[in-house]
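> Dropping a structure here in structure tokens format, bear with me for questions.
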Amino acid sequence: MNLYTYASPANFYTLAGRLIPWFAWGAGILTLWGLYIAFFLAPTDFQQSEAYRIIFIHVPAAWMSMFIYLVMAFWGAIGLAFNTRLSFMMARALAPTGAMFTFVALWTGAWWGKPMWGAWWVWDARLTSELILLFLYVGIIALWAAIDDIKRGDRAGSLLTLIGSINVPIIYFSVKWWNTLHQGASVSVTKAPSMAAIMLQGMLILSIAAWLYTIAVVLVRVRRIILERERQTEWVKALLEKES
Amino acid sequence: MYRFLLAVLRRDLTLAARRRGDWLIAQFFFVMVASLFPLGVGPEPAMLARIGPGVLWVAATLASLLSLSRLFADDHRDGSLEHMVLSPEPTVLLVLGKSLAHWLIYGIPLLLIAPVLGLQFNLSWEAILVLDLSLLLGTPILSLLGGVGAALTLGLRGGGVLLTLLILPLYVPALIFGAGAVDGVMAGTGAEAHLSLLGAFFVLSLMIAPWIAAAALRVSLE
């Protein structure tokens, strides 16, 4: 089977339609399982007591906020390099979810910061760069909204995504480079995590749930975009006639 | 190649010299924004010296944004921009020349005005020297990155506000390191670290921004 078949919007539309239920159900089940671990199985932290439980939402959201931006930049670069229509649609479909996760990461961070640091917000490197990430998402979405011409909008947005992607490594490494109030990474690939196994388990399950949710939502959104852009084509007309 | 760059530069400078009123607006905007802060937060000299570097840097970024929305707009309106992009010379040089001209017209006067405003904010001579040094390194970054924003928003409705939304997040590192350098001198920790990072950011923008802006310009003119 040739994978490039699915670079065509018509083929991808059907593939995405078949995949969505799997990702959506997976996201739902893993979220419930992860939240059960987070609220009933994970023990109370001896330093941060119950308030630490917000990391079960905060950390997956923060990871996704950065990761989605990189995926957006990836699809934008592919689209600019190979002039493929579907890549730009993917980039556009990803942006709202990325902005949402950035907002959730900032908001839950504020809720955690109030009992731990005694302040809703501090201007340290990681918080500031995450805020800039939110601004970048908003700027890109605003640029897309302002340009009526689809082709120009796609390319302009992708160029902006690419130049903004320098911010992502700055966020990720900010707790290492600068001496910040935000605590260092609790999980890393190279050394053992600095938390109990059951807490780690809950966090990873919720992270996978966030992934599956993102994929499901983006596929739904990309299907809408495909229909909107290909509305003049024969296959969309045939599809709509069949459904009505 | 250099002749093309020089020609773009000379053309933009001549156009600016013919319309003096236009580019003075940004300079007065800089002075006015900076003057609003003592009126807003109160005239205590110690506090003004504390907030001075940050205020002057923020005012400089806003002043550059004010002028950037017209970087390509006038040439776009009379059609000469398309001819320059269609010419066999590389578009990167066109963008670089225009950004350089923008810096000469808006950045250099800013460097001359900033020490006077620094005195108003009760900064020491040493701090004023570093402030000018940081602006010397930092304002070209504003012109280069601003070129990307101006190219992306070319000919859009509400382009000026959109430009602000797109470009201000990218200006943040320059603002942090620039104002940080002056703060470092005043706190006694020295400005070298911040100025080095600012210089690195300048080199990075010089390497990346003209290419992205040239690509954006071609996208916008299609």
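Every chain in the structure tokens has a letter given in the order shown (A, B, ...), and although residue numbers restart at 1 in each chain, ligands are simply numbered from 1 in the order shown.
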Can I get the residues of chain A within 6 Å of chain B, each with the closest pair of atoms and their distance in Å to one decimal, using only C-alpha atoms, sorted chain first then ascending number, as a tab-separated table?

```
residue	atom	partner	partner_atom	distance
A:Ile132	CA	B:Pro169	CA	5.8
A:Gly139	CA	B:Leu166	CA	4.9
A:Arg152	CA	B:Val219	CA	5.8
A:Ala156	CA	B:Leu152	CA	5.9
```
> Given the selection you just returned, output its residues as a file containing N, CA and C atoms, formatted as a compact mmCIF listing (two decimals), in the first residue's frame.

```txt
# COMPACT_ATOMS: atom_id res chain seq x y z
N ILE A 132 4.16 33.69 25.86
CA ILE A 132 4.50 34.11 24.50
C ILE A 132 4.01 33.07 23.50
N GLY A 139 -1.62 35.00 17.38
CA GLY A 139 -1.19 35.76 16.20
C GLY A 139 -1.40 34.96 14.93
N ARG A 152 -2.76 32.09 0.01
CA ARG A 152 -1.87 33.05 0.66
C ARG A 152 -1.90 32.87 2.18
N ALA A 156 1.37 32.19 4.48
CA ALA A 156 1.75 33.23 5.44
C ALA A 156 1.74 32.68 6.86
```
> Can you pull out every residue within 9 Å of B:Ser35, counting only C-alpha atoms, but drop anything in the same chain fewer than 4 positions away, and send it as a PyMOL selection string?
chain B and resi 30-31+39+117+120
> Could those selected residues go to a file with N, CA and C atoms, as a short mmCIF file (atom, residue, chain, number, x, y, z; two decimals), in the first residue's frame?

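Heads up, here's the output in out-v8.cif:
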```
data_model
loop_
_atom_site.label_atom_id
_atom_site.label_comp_id
_atom_site.auth_asym_id
_atom_site.auth_seq_id
_atom_site.Cartn_x
_atom_site.Cartn_y
_atom_site.Cartn_z
N PHE B 30 7.91 58.03 20.12
CA PHE B 30 8.86 57.48 21.11
C PHE B 30 8.97 58.41 22.31
N VAL B 31 9.19 59.70 22.04
CA VAL B 31 9.35 60.66 23.14
C VAL B 31 8.07 60.75 23.97
N LEU B 39 4.39 60.72 34.20
CA LEU B 39 3.11 61.31 34.56
C LEU B 39 2.19 60.27 35.17
N LEU B 117 16.28 61.22 26.88
CA LEU B 117 15.20 60.64 27.69
C LEU B 117 15.77 59.93 28.91
N GLN B 120 16.15 62.30 31.57
CA GLN B 120 14.86 62.60 32.18
C GLN B 120 14.45 61.53 33.18
#
```
> Check the smallest atom-to-atom distance from each of A:Tyr6, A:Phe12, A:Tyr69, A:Phe23 to A:Val217 using only C-alpha atoms, then report the winner.
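Going through A:Tyr6, A:Phe12, A:Tyr69, A:Phe23 one by one, the smallest distance to A:Val217 is for A:Phe23.
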> Could you go through stretch 40-211 of chain A and tell me which residues DSSP, when run on the backbone, assigns to alpha helix (DSSP H), listing them as an MDAnalysis selection string?
chainID A and resid 55:82 85:117 125:146 150:164 167:177 197:211
> Of the candidates B:Val185, B:Leu86, B:Leu154, B:Leu142, which shows the shortest atom-to-atom distance to B:Phe202, using only C-alpha atoms?
B:Leu142
> Taking 6 positions as the minimum chain separation for residues in the same chain, which residues sit within 10 Å of A:Ser207 when counting only C-alpha atoms? Answer as a PDB file with C-alpha atoms, in the first residue's frame.

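Dumped everything to out.pdb:
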```pdb
ATOM      1  CA  ALA A  27      -9.200   9.380  24.692  1.00  0.00           C
ATOM      2  CA  LEU A  30      -7.911   6.789  29.154  1.00  0.00           C
ATOM      3  CA  THR A  31      -9.092  10.119  30.587  1.00  0.00           C
ATOM      4  CA  GLY A  34      -6.151   8.518  34.400  1.00  0.00           C
ATOM      5  CA  PHE A  56      -2.151  15.480  36.273  1.00  0.00           C
ATOM      6  CA  ILE A  57      -3.812  18.075  34.057  1.00  0.00           C
ATOM      7  CA  HIS A  58      -1.100  20.718  33.988  1.00  0.00           C
ATOM      8  CA  VAL A  59       1.834  18.645  32.745  1.00  0.00           C
ATOM      9  CA  PRO A  60       0.015  16.874  29.866  1.00  0.00           C
ATOM     10  CA  ALA A  61      -1.476  20.220  28.774  1.00  0.00           C
ATOM     11  CA  ALA A  62       1.931  21.929  28.844  1.00  0.00           C
ATOM     12  CA  TRP A  63       3.539  19.077  26.899  1.00  0.00           C
ATOM     13  CA  MET A  64       0.789  19.160  24.288  1.00  0.00           C
ATOM     14  CA  GLN A 201       1.535   6.279  35.730  1.00  0.00           C
ATOM     15  CA  TYR A 213      -8.008  13.649  22.142  1.00  0.00           C
TER      16      TYR A 213
END
```
